[in-house]
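Text of the file run.cif, holding mmCIF, N, CA and C atoms:
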```cif
data_protein
loop_
_atom_site.label_atom_id
_atom_site.label_comp_id
_atom_site.auth_asym_id
_atom_site.auth_seq_id
_atom_site.Cartn_x
_atom_site.Cartn_y
_atom_site.Cartn_z
N MET H 1 -8.39 11.32 4.14
CA MET H 1 -7.15 12.01 3.92
C MET H 1 -6.30 11.24 2.92
N PRO H 2 -5.67 11.95 2.04
CA PRO H 2 -4.90 11.28 0.99
C PRO H 2 -3.52 10.85 1.46
N PHE H 3 -2.73 10.49 0.49
CA PHE H 3 -1.35 10.13 0.75
C PHE H 3 -0.46 11.27 0.32
N GLU H 4 0.82 11.20 0.70
CA GLU H 4 1.77 12.20 0.23
C GLU H 4 3.14 11.55 0.09
N TYR H 5 4.03 12.23 -0.64
CA TYR H 5 5.40 11.78 -0.84
C TYR H 5 6.34 12.75 -0.14
N LEU H 6 7.37 12.21 0.47
CA LEU H 6 8.36 13.03 1.16
C LEU H 6 9.66 13.04 0.37
N ASP H 7 10.45 14.09 0.55
CA ASP H 7 11.76 14.15 -0.09
C ASP H 7 12.63 13.00 0.44
N HIS H 8 13.34 12.37 -0.46
CA HIS H 8 14.22 11.26 -0.09
C HIS H 8 15.38 11.26 -1.07
N THR H 9 16.57 10.92 -0.58
CA THR H 9 17.75 10.97 -1.43
C THR H 9 17.71 9.94 -2.55
N ALA H 10 17.09 8.83 -2.33
CA ALA H 10 16.96 7.78 -3.35
C ALA H 10 15.59 7.15 -3.17
N ASP H 11 15.07 6.60 -4.22
CA ASP H 11 13.76 5.96 -4.15
C ASP H 11 12.68 6.96 -3.76
N ILE H 12 11.59 6.48 -3.18
CA ILE H 12 10.49 7.37 -2.80
C ILE H 12 9.98 6.99 -1.42
N CYS H 13 9.95 7.98 -0.54
CA CYS H 13 9.38 7.78 0.79
C CYS H 13 7.92 8.23 0.71
N LEU H 14 7.01 7.34 1.12
CA LEU H 14 5.59 7.69 1.08
C LEU H 14 4.98 7.61 2.45
N GLN H 15 3.89 8.34 2.62
CA GLN H 15 3.10 8.29 3.84
C GLN H 15 1.65 8.10 3.47
N GLY H 16 1.04 7.06 4.02
CA GLY H 16 -0.41 6.91 3.96
C GLY H 16 -0.97 7.54 5.22
N ILE H 17 -1.97 8.40 5.08
CA ILE H 17 -2.49 9.16 6.22
C ILE H 17 -3.98 8.88 6.35
N GLY H 18 -4.43 8.58 7.59
CA GLY H 18 -5.84 8.30 7.80
C GLY H 18 -6.26 8.50 9.24
N LYS H 19 -7.55 8.55 9.45
CA LYS H 19 -8.10 8.71 10.80
C LYS H 19 -7.92 7.45 11.64
N THR H 20 -7.75 6.31 10.96
CA THR H 20 -7.50 5.04 11.62
C THR H 20 -6.24 4.43 11.04
N VAL H 21 -5.66 3.47 11.75
CA VAL H 21 -4.48 2.78 11.22
C VAL H 21 -4.84 2.05 9.94
N GLU H 22 -6.06 1.51 9.87
CA GLU H 22 -6.50 0.82 8.66
C GLU H 22 -6.57 1.77 7.47
N ALA H 23 -7.09 2.96 7.70
CA ALA H 23 -7.17 3.95 6.61
C ALA H 23 -5.77 4.37 6.16
N ALA H 24 -4.83 4.48 7.09
CA ALA H 24 -3.45 4.84 6.74
C ALA H 24 -2.81 3.73 5.90
N PHE H 25 -3.05 2.45 6.24
CA PHE H 25 -2.53 1.34 5.45
C PHE H 25 -3.14 1.35 4.05
N ALA H 26 -4.44 1.62 3.95
CA ALA H 26 -5.10 1.67 2.63
C ALA H 26 -4.51 2.80 1.80
N GLU H 27 -4.26 3.94 2.41
CA GLU H 27 -3.68 5.08 1.68
C GLU H 27 -2.25 4.80 1.27
N ALA H 28 -1.49 4.07 2.10
CA ALA H 28 -0.13 3.69 1.71
C ALA H 28 -0.16 2.79 0.48
N ALA H 29 -1.14 1.91 0.41
CA ALA H 29 -1.29 1.06 -0.78
C ALA H 29 -1.65 1.90 -2.00
N ARG H 30 -2.57 2.85 -1.83
CA ARG H 30 -2.93 3.73 -2.94
C ARG H 30 -1.71 4.51 -3.42
N ALA H 31 -0.92 5.02 -2.49
CA ALA H 31 0.28 5.77 -2.85
C ALA H 31 1.25 4.90 -3.63
N THR H 32 1.39 3.65 -3.22
CA THR H 32 2.30 2.73 -3.90
C THR H 32 1.86 2.48 -5.34
N PHE H 33 0.59 2.17 -5.53
CA PHE H 33 0.10 1.87 -6.89
C PHE H 33 -0.04 3.13 -7.73
N ASN H 34 -0.23 4.28 -7.10
CA ASN H 34 -0.28 5.54 -7.84
C ASN H 34 1.07 5.87 -8.47
N LEU H 35 2.15 5.34 -7.90
CA LEU H 35 3.47 5.53 -8.52
C LEU H 35 3.54 4.84 -9.88
N MET H 36 2.77 3.77 -10.05
CA MET H 36 2.84 2.95 -11.25
C MET H 36 1.89 3.39 -12.35
N VAL H 37 0.72 3.89 -11.97
CA VAL H 37 -0.30 4.24 -12.96
C VAL H 37 -1.25 5.25 -12.33
N ASP H 38 -1.90 6.06 -13.15
CA ASP H 38 -2.90 7.00 -12.65
C ASP H 38 -4.09 6.20 -12.14
N LEU H 39 -4.36 6.26 -10.85
CA LEU H 39 -5.41 5.43 -10.24
C LEU H 39 -6.81 5.74 -10.78
N GLN H 40 -7.02 6.95 -11.26
CA GLN H 40 -8.34 7.30 -11.79
C GLN H 40 -8.65 6.56 -13.08
N GLU H 41 -7.63 5.98 -13.71
CA GLU H 41 -7.84 5.21 -14.94
C GLU H 41 -8.15 3.74 -14.66
N VAL H 42 -8.10 3.32 -13.39
CA VAL H 42 -8.22 1.91 -13.03
C VAL H 42 -9.58 1.64 -12.40
N SER H 43 -10.34 0.73 -13.01
CA SER H 43 -11.64 0.33 -12.48
C SER H 43 -11.48 -0.78 -11.44
N ALA H 44 -12.34 -0.77 -10.46
CA ALA H 44 -12.32 -1.78 -9.39
C ALA H 44 -13.20 -2.95 -9.81
N ARG H 45 -12.69 -3.82 -10.68
CA ARG H 45 -13.47 -4.92 -11.25
C ARG H 45 -13.23 -6.26 -10.58
N GLU H 46 -11.98 -6.49 -10.14
CA GLU H 46 -11.62 -7.76 -9.52
C GLU H 46 -10.94 -7.49 -8.19
N VAL H 47 -10.92 -8.50 -7.32
CA VAL H 47 -10.36 -8.32 -5.98
C VAL H 47 -9.21 -9.29 -5.72
N ILE H 48 -8.25 -8.80 -4.98
CA ILE H 48 -7.15 -9.61 -4.47
C ILE H 48 -7.25 -9.59 -2.94
N HIS H 49 -7.20 -10.76 -2.31
CA HIS H 49 -7.30 -10.86 -0.86
C HIS H 49 -5.92 -11.03 -0.25
N VAL H 50 -5.73 -10.40 0.90
CA VAL H 50 -4.45 -10.47 1.62
C VAL H 50 -4.74 -10.80 3.08
N LEU H 51 -3.98 -11.74 3.61
CA LEU H 51 -4.03 -12.09 5.03
C LEU H 51 -2.60 -12.15 5.53
N GLU H 52 -2.26 -11.30 6.49
CA GLU H 52 -0.90 -11.23 7.01
C GLU H 52 -0.93 -11.14 8.53
N GLU H 53 0.11 -11.67 9.17
CA GLU H 53 0.32 -11.50 10.61
C GLU H 53 1.77 -11.13 10.85
N GLU H 54 1.99 -10.18 11.74
CA GLU H 54 3.34 -9.74 12.09
C GLU H 54 3.38 -9.34 13.56
N ASN H 55 4.59 -9.21 14.09
CA ASN H 55 4.79 -8.86 15.49
C ASN H 55 4.42 -7.42 15.79
N ASP H 56 4.61 -6.52 14.83
CA ASP H 56 4.30 -5.11 15.07
C ASP H 56 3.73 -4.47 13.81
N LEU H 57 3.20 -3.27 13.97
CA LEU H 57 2.54 -2.57 12.86
C LEU H 57 3.51 -2.20 11.75
N ASP H 58 4.75 -1.86 12.09
CA ASP H 58 5.73 -1.51 11.07
C ASP H 58 5.93 -2.68 10.10
N LEU H 59 6.20 -3.85 10.65
CA LEU H 59 6.41 -5.04 9.81
C LEU H 59 5.14 -5.42 9.05
N LEU H 60 3.99 -5.17 9.67
CA LEU H 60 2.72 -5.48 9.01
C LEU H 60 2.54 -4.61 7.77
N LEU H 61 2.96 -3.35 7.84
CA LEU H 61 2.87 -2.47 6.68
C LEU H 61 3.71 -3.01 5.52
N VAL H 62 4.93 -3.42 5.80
CA VAL H 62 5.80 -3.96 4.75
C VAL H 62 5.17 -5.22 4.16
N SER H 63 4.67 -6.12 5.01
CA SER H 63 4.04 -7.36 4.52
C SER H 63 2.83 -7.07 3.64
N TRP H 64 1.99 -6.14 4.07
CA TRP H 64 0.79 -5.75 3.33
C TRP H 64 1.15 -5.24 1.93
N LEU H 65 2.06 -4.29 1.88
CA LEU H 65 2.43 -3.70 0.59
C LEU H 65 3.17 -4.70 -0.30
N ALA H 66 4.09 -5.47 0.28
CA ALA H 66 4.85 -6.45 -0.50
C ALA H 66 3.93 -7.54 -1.07
N THR H 67 2.96 -7.98 -0.29
CA THR H 67 2.03 -9.01 -0.77
C THR H 67 1.15 -8.45 -1.88
N LEU H 68 0.67 -7.23 -1.73
CA LEU H 68 -0.12 -6.60 -2.80
C LEU H 68 0.69 -6.51 -4.09
N LEU H 69 1.94 -6.06 -3.98
CA LEU H 69 2.78 -5.95 -5.17
C LEU H 69 3.03 -7.31 -5.82
N ALA H 70 3.29 -8.33 -5.01
CA ALA H 70 3.55 -9.66 -5.55
C ALA H 70 2.31 -10.22 -6.24
N LYS H 71 1.16 -10.12 -5.58
CA LYS H 71 -0.07 -10.66 -6.16
C LYS H 71 -0.48 -9.87 -7.41
N SER H 72 -0.25 -8.58 -7.39
CA SER H 72 -0.53 -7.76 -8.56
C SER H 72 0.34 -8.18 -9.73
N SER H 73 1.61 -8.38 -9.47
CA SER H 73 2.54 -8.77 -10.51
C SER H 73 2.20 -10.14 -11.09
N LEU H 74 1.89 -11.09 -10.22
CA LEU H 74 1.56 -12.44 -10.67
C LEU H 74 0.26 -12.50 -11.47
N SER H 75 -0.70 -11.66 -11.11
CA SER H 75 -2.00 -11.70 -11.78
C SER H 75 -2.08 -10.76 -12.98
N GLY H 76 -1.12 -9.83 -13.09
CA GLY H 76 -1.18 -8.84 -14.17
C GLY H 76 -2.16 -7.71 -13.89
N MET H 77 -2.60 -7.61 -12.63
CA MET H 77 -3.57 -6.59 -12.25
C MET H 77 -2.88 -5.34 -11.71
N ILE H 78 -3.55 -4.21 -11.88
CA ILE H 78 -3.16 -2.97 -11.23
C ILE H 78 -4.31 -2.62 -10.29
N LEU H 79 -4.00 -2.21 -9.09
CA LEU H 79 -5.01 -2.00 -8.06
C LEU H 79 -5.21 -0.52 -7.78
N SER H 80 -6.46 -0.16 -7.44
CA SER H 80 -6.76 1.26 -7.23
C SER H 80 -7.57 1.54 -5.97
N ARG H 81 -8.18 0.51 -5.38
CA ARG H 81 -9.02 0.71 -4.18
C ARG H 81 -8.66 -0.36 -3.17
N PHE H 82 -8.64 0.01 -1.88
CA PHE H 82 -8.16 -0.89 -0.86
C PHE H 82 -9.02 -0.81 0.40
N HIS H 83 -9.12 -1.94 1.08
CA HIS H 83 -9.80 -2.00 2.39
C HIS H 83 -8.95 -2.85 3.31
N VAL H 84 -8.81 -2.41 4.55
CA VAL H 84 -7.96 -3.09 5.52
C VAL H 84 -8.69 -3.21 6.85
N ASP H 85 -8.61 -4.39 7.48
CA ASP H 85 -9.02 -4.61 8.86
C ASP H 85 -7.81 -5.14 9.61
N ILE H 86 -7.46 -4.49 10.71
CA ILE H 86 -6.33 -4.92 11.53
C ILE H 86 -6.84 -5.22 12.93
N SER H 87 -6.41 -6.35 13.46
CA SER H 87 -6.78 -6.71 14.82
C SER H 87 -5.55 -7.16 15.59
N LYS H 88 -5.60 -6.96 16.89
CA LYS H 88 -4.53 -7.41 17.76
C LYS H 88 -4.74 -8.89 18.04
N VAL H 89 -3.69 -9.68 17.88
CA VAL H 89 -3.73 -11.11 18.16
C VAL H 89 -2.55 -11.44 19.07
N GLU H 90 -2.59 -12.64 19.60
CA GLU H 90 -1.48 -13.06 20.46
C GLU H 90 -0.16 -12.95 19.69
N GLY H 91 0.75 -12.20 20.23
CA GLY H 91 2.06 -12.07 19.60
C GLY H 91 2.16 -10.98 18.55
N GLY H 92 1.11 -10.20 18.34
CA GLY H 92 1.22 -9.15 17.34
C GLY H 92 -0.10 -8.68 16.77
N PHE H 93 -0.12 -8.58 15.43
CA PHE H 93 -1.28 -8.03 14.72
C PHE H 93 -1.62 -8.89 13.51
N SER H 94 -2.90 -8.92 13.19
CA SER H 94 -3.39 -9.64 12.01
C SER H 94 -4.06 -8.63 11.08
N LEU H 95 -3.80 -8.78 9.80
CA LEU H 95 -4.39 -7.91 8.79
C LEU H 95 -5.17 -8.75 7.79
N ARG H 96 -6.40 -8.36 7.56
CA ARG H 96 -7.21 -8.89 6.47
C ARG H 96 -7.50 -7.71 5.56
N GLY H 97 -7.11 -7.85 4.30
CA GLY H 97 -7.29 -6.73 3.40
C GLY H 97 -7.64 -7.17 2.00
N GLU H 98 -8.12 -6.22 1.24
CA GLU H 98 -8.46 -6.44 -0.16
C GLU H 98 -7.95 -5.27 -0.98
N GLY H 99 -7.59 -5.60 -2.21
CA GLY H 99 -7.27 -4.59 -3.19
C GLY H 99 -8.09 -4.88 -4.43
N TRP H 100 -8.76 -3.86 -4.95
CA TRP H 100 -9.58 -4.01 -6.15
C TRP H 100 -8.91 -3.31 -7.32
N GLY H 101 -9.08 -3.90 -8.48
CA GLY H 101 -8.51 -3.31 -9.68
C GLY H 101 -8.89 -4.08 -10.91
N GLU H 102 -8.03 -4.02 -11.92
CA GLU H 102 -8.29 -4.71 -13.18
C GLU H 102 -6.97 -5.06 -13.84
N LEU H 103 -7.04 -5.86 -14.88
CA LEU H 103 -5.84 -6.23 -15.62
C LEU H 103 -5.23 -4.98 -16.24
N LEU H 104 -3.92 -4.90 -16.16
CA LEU H 104 -3.22 -3.77 -16.76
C LEU H 104 -3.39 -3.81 -18.26
N ASP H 105 -3.87 -2.71 -18.83
CA ASP H 105 -4.08 -2.57 -20.26
C ASP H 105 -3.24 -1.39 -20.74
N PRO H 106 -2.09 -1.66 -21.37
CA PRO H 106 -1.21 -0.57 -21.81
C PRO H 106 -1.91 0.42 -22.75
N GLY H 107 -2.97 0.00 -23.39
CA GLY H 107 -3.70 0.90 -24.27
C GLY H 107 -4.55 1.90 -23.51
N ARG H 108 -4.94 1.56 -22.29
CA ARG H 108 -5.78 2.44 -21.47
C ARG H 108 -5.06 3.03 -20.27
N HIS H 109 -4.13 2.28 -19.72
CA HIS H 109 -3.44 2.72 -18.51
C HIS H 109 -2.06 3.27 -18.87
N ARG H 110 -1.88 4.54 -18.61
CA ARG H 110 -0.56 5.15 -18.83
C ARG H 110 0.34 4.80 -17.66
N THR H 111 1.32 3.96 -17.93
CA THR H 111 2.22 3.56 -16.85
C THR H 111 3.19 4.68 -16.53
N LYS H 112 3.60 4.73 -15.26
CA LYS H 112 4.52 5.77 -14.78
C LYS H 112 5.84 5.11 -14.37
N THR H 113 5.99 4.78 -13.12
CA THR H 113 7.25 4.28 -12.56
C THR H 113 7.13 2.81 -12.22
N GLU H 114 8.19 2.06 -12.44
CA GLU H 114 8.20 0.66 -12.01
C GLU H 114 8.56 0.61 -10.53
N VAL H 115 7.72 -0.05 -9.75
CA VAL H 115 7.99 -0.24 -8.33
C VAL H 115 8.63 -1.61 -8.17
N LYS H 116 9.85 -1.63 -7.62
CA LYS H 116 10.58 -2.88 -7.44
C LYS H 116 10.23 -3.56 -6.13
N GLY H 117 9.95 -2.77 -5.11
CA GLY H 117 9.64 -3.38 -3.82
C GLY H 117 9.51 -2.36 -2.70
N VAL H 118 9.22 -2.91 -1.52
CA VAL H 118 9.06 -2.11 -0.31
C VAL H 118 10.31 -2.34 0.54
N THR H 119 10.85 -1.27 1.11
CA THR H 119 12.04 -1.40 1.94
C THR H 119 11.69 -1.14 3.41
N TYR H 120 12.65 -1.42 4.27
CA TYR H 120 12.50 -1.14 5.69
C TYR H 120 13.02 0.25 6.05
N ALA H 121 13.57 0.94 5.08
CA ALA H 121 14.09 2.29 5.32
C ALA H 121 12.94 3.24 5.64
N GLY H 122 13.12 4.07 6.64
CA GLY H 122 12.10 5.05 6.99
C GLY H 122 10.80 4.45 7.48
N LEU H 123 10.81 3.18 7.80
CA LEU H 123 9.59 2.46 8.17
C LEU H 123 9.08 2.92 9.52
N ARG H 124 7.85 3.42 9.54
CA ARG H 124 7.20 3.86 10.79
C ARG H 124 5.70 3.84 10.62
N VAL H 125 5.01 3.34 11.61
CA VAL H 125 3.56 3.47 11.70
C VAL H 125 3.30 4.14 13.04
N PHE H 126 2.70 5.33 13.00
CA PHE H 126 2.56 6.11 14.22
C PHE H 126 1.37 7.06 14.15
N GLN H 127 1.00 7.61 15.31
CA GLN H 127 -0.04 8.62 15.40
C GLN H 127 0.60 9.97 15.64
N ALA H 128 0.07 10.99 14.97
CA ALA H 128 0.53 12.37 15.17
C ALA H 128 -0.63 13.31 14.87
N ASP H 129 -0.86 14.24 15.75
CA ASP H 129 -1.92 15.25 15.56
C ASP H 129 -3.27 14.61 15.24
N GLY H 130 -3.59 13.51 15.89
CA GLY H 130 -4.90 12.89 15.75
C GLY H 130 -5.10 12.04 14.51
N VAL H 131 -4.03 11.80 13.73
CA VAL H 131 -4.14 10.92 12.57
C VAL H 131 -3.08 9.84 12.63
N TRP H 132 -3.32 8.76 11.92
CA TRP H 132 -2.34 7.68 11.78
C TRP H 132 -1.53 7.91 10.52
N ILE H 133 -0.25 7.59 10.59
CA ILE H 133 0.64 7.71 9.44
C ILE H 133 1.37 6.39 9.25
N ALA H 134 1.29 5.84 8.05
CA ALA H 134 1.99 4.61 7.67
C ALA H 134 3.03 5.00 6.64
N GLN H 135 4.30 4.93 7.03
CA GLN H 135 5.39 5.47 6.22
C GLN H 135 6.42 4.40 5.89
N CYS H 136 6.90 4.43 4.64
CA CYS H 136 8.00 3.54 4.23
C CYS H 136 8.63 4.09 2.95
N VAL H 137 9.76 3.52 2.60
CA VAL H 137 10.45 3.88 1.36
C VAL H 137 10.20 2.78 0.33
N ILE H 138 9.83 3.22 -0.86
CA ILE H 138 9.56 2.31 -1.98
C ILE H 138 10.76 2.32 -2.92
N ASP H 139 11.23 1.13 -3.25
CA ASP H 139 12.36 0.96 -4.18
C ASP H 139 11.82 1.06 -5.61
N ILE H 140 12.33 2.07 -6.35
CA ILE H 140 11.88 2.22 -7.74
C ILE H 140 13.05 2.05 -8.69
#
```
Would you mind writing the structure in this file as structure tokens?
Amino acid sequence: MPFEYLDHTADICLQGIGKTVEAAFAEAARATFNLMVDLQEVSAREVIHVLEEENDLDLLLVSWLATLLAKSSLSGMILSRFHVDISKVEGGFSLRGEGWGELLDPGRHRTKTEVKGVTYAGLRVFQADGVWIAQCVIDI
């Protein structure tokens, strides 16, 4: 299941939707990077690894997306494919994830919107109608 964007008065509220919480987190990452560039133009050539721990799934979503954005910015990479494993640990949840992509090439990648960061506004990770939804507002 893909991602979608919801109406929001400012910035962009996104939802990653999946059959598992991990799939929903991966789709939220795809939705975030799709705001910046057409994902179909991005090859999965290099990988960025993410390891995060948080008290709850909502905070874990923010940490996951914020770390991807920071590592992407520092490396000059744009990411298009994601994998997430989430496990319950003492005191919360642990996430091991990867994002694959390549160096941003302005000659090949048509940039869209600059993403400034992930906010806590509208932040929710929940199940509805048999699917997981990972939702947050992205500051653009």
For segment 31-38 of chain H: contacts at 7 Å, only N, CA and C atoms, fewer than 6 positions along chain excluded, given as an MDAnalysis selection string: chainID H and resid 3:4 14:16 79:80 109:115
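For the set H:Asn55, H:Gln135, H:Ser72, H:Thr67, the residue with the smallest atom-to-atom gap to Gly91 of chain H is H:Asn55, counting only C-alpha atoms.
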Selection under test: the PyMOL selection byres ((chain H and resi 46) around 8); residues as a list in words: Ser43, Ala44, Arg45, Val47, Ile48, His49, Gly99, Trp100, Gly101, Glu102 and Leu103 of chain H
For Trp64 of chain H: contacts at 8 Å, only C-alpha atoms, fewer than 3 positions along chain excluded, given as a PyMOL selection string: chain H and resi 50+52+60-61+67-68+95
Minimum-distance residue to Ala128 of chain H, chosen among H:Ala66, H:Leu39, H:Ile17, H:Val89 (using only C-alpha atoms): H:Ile17
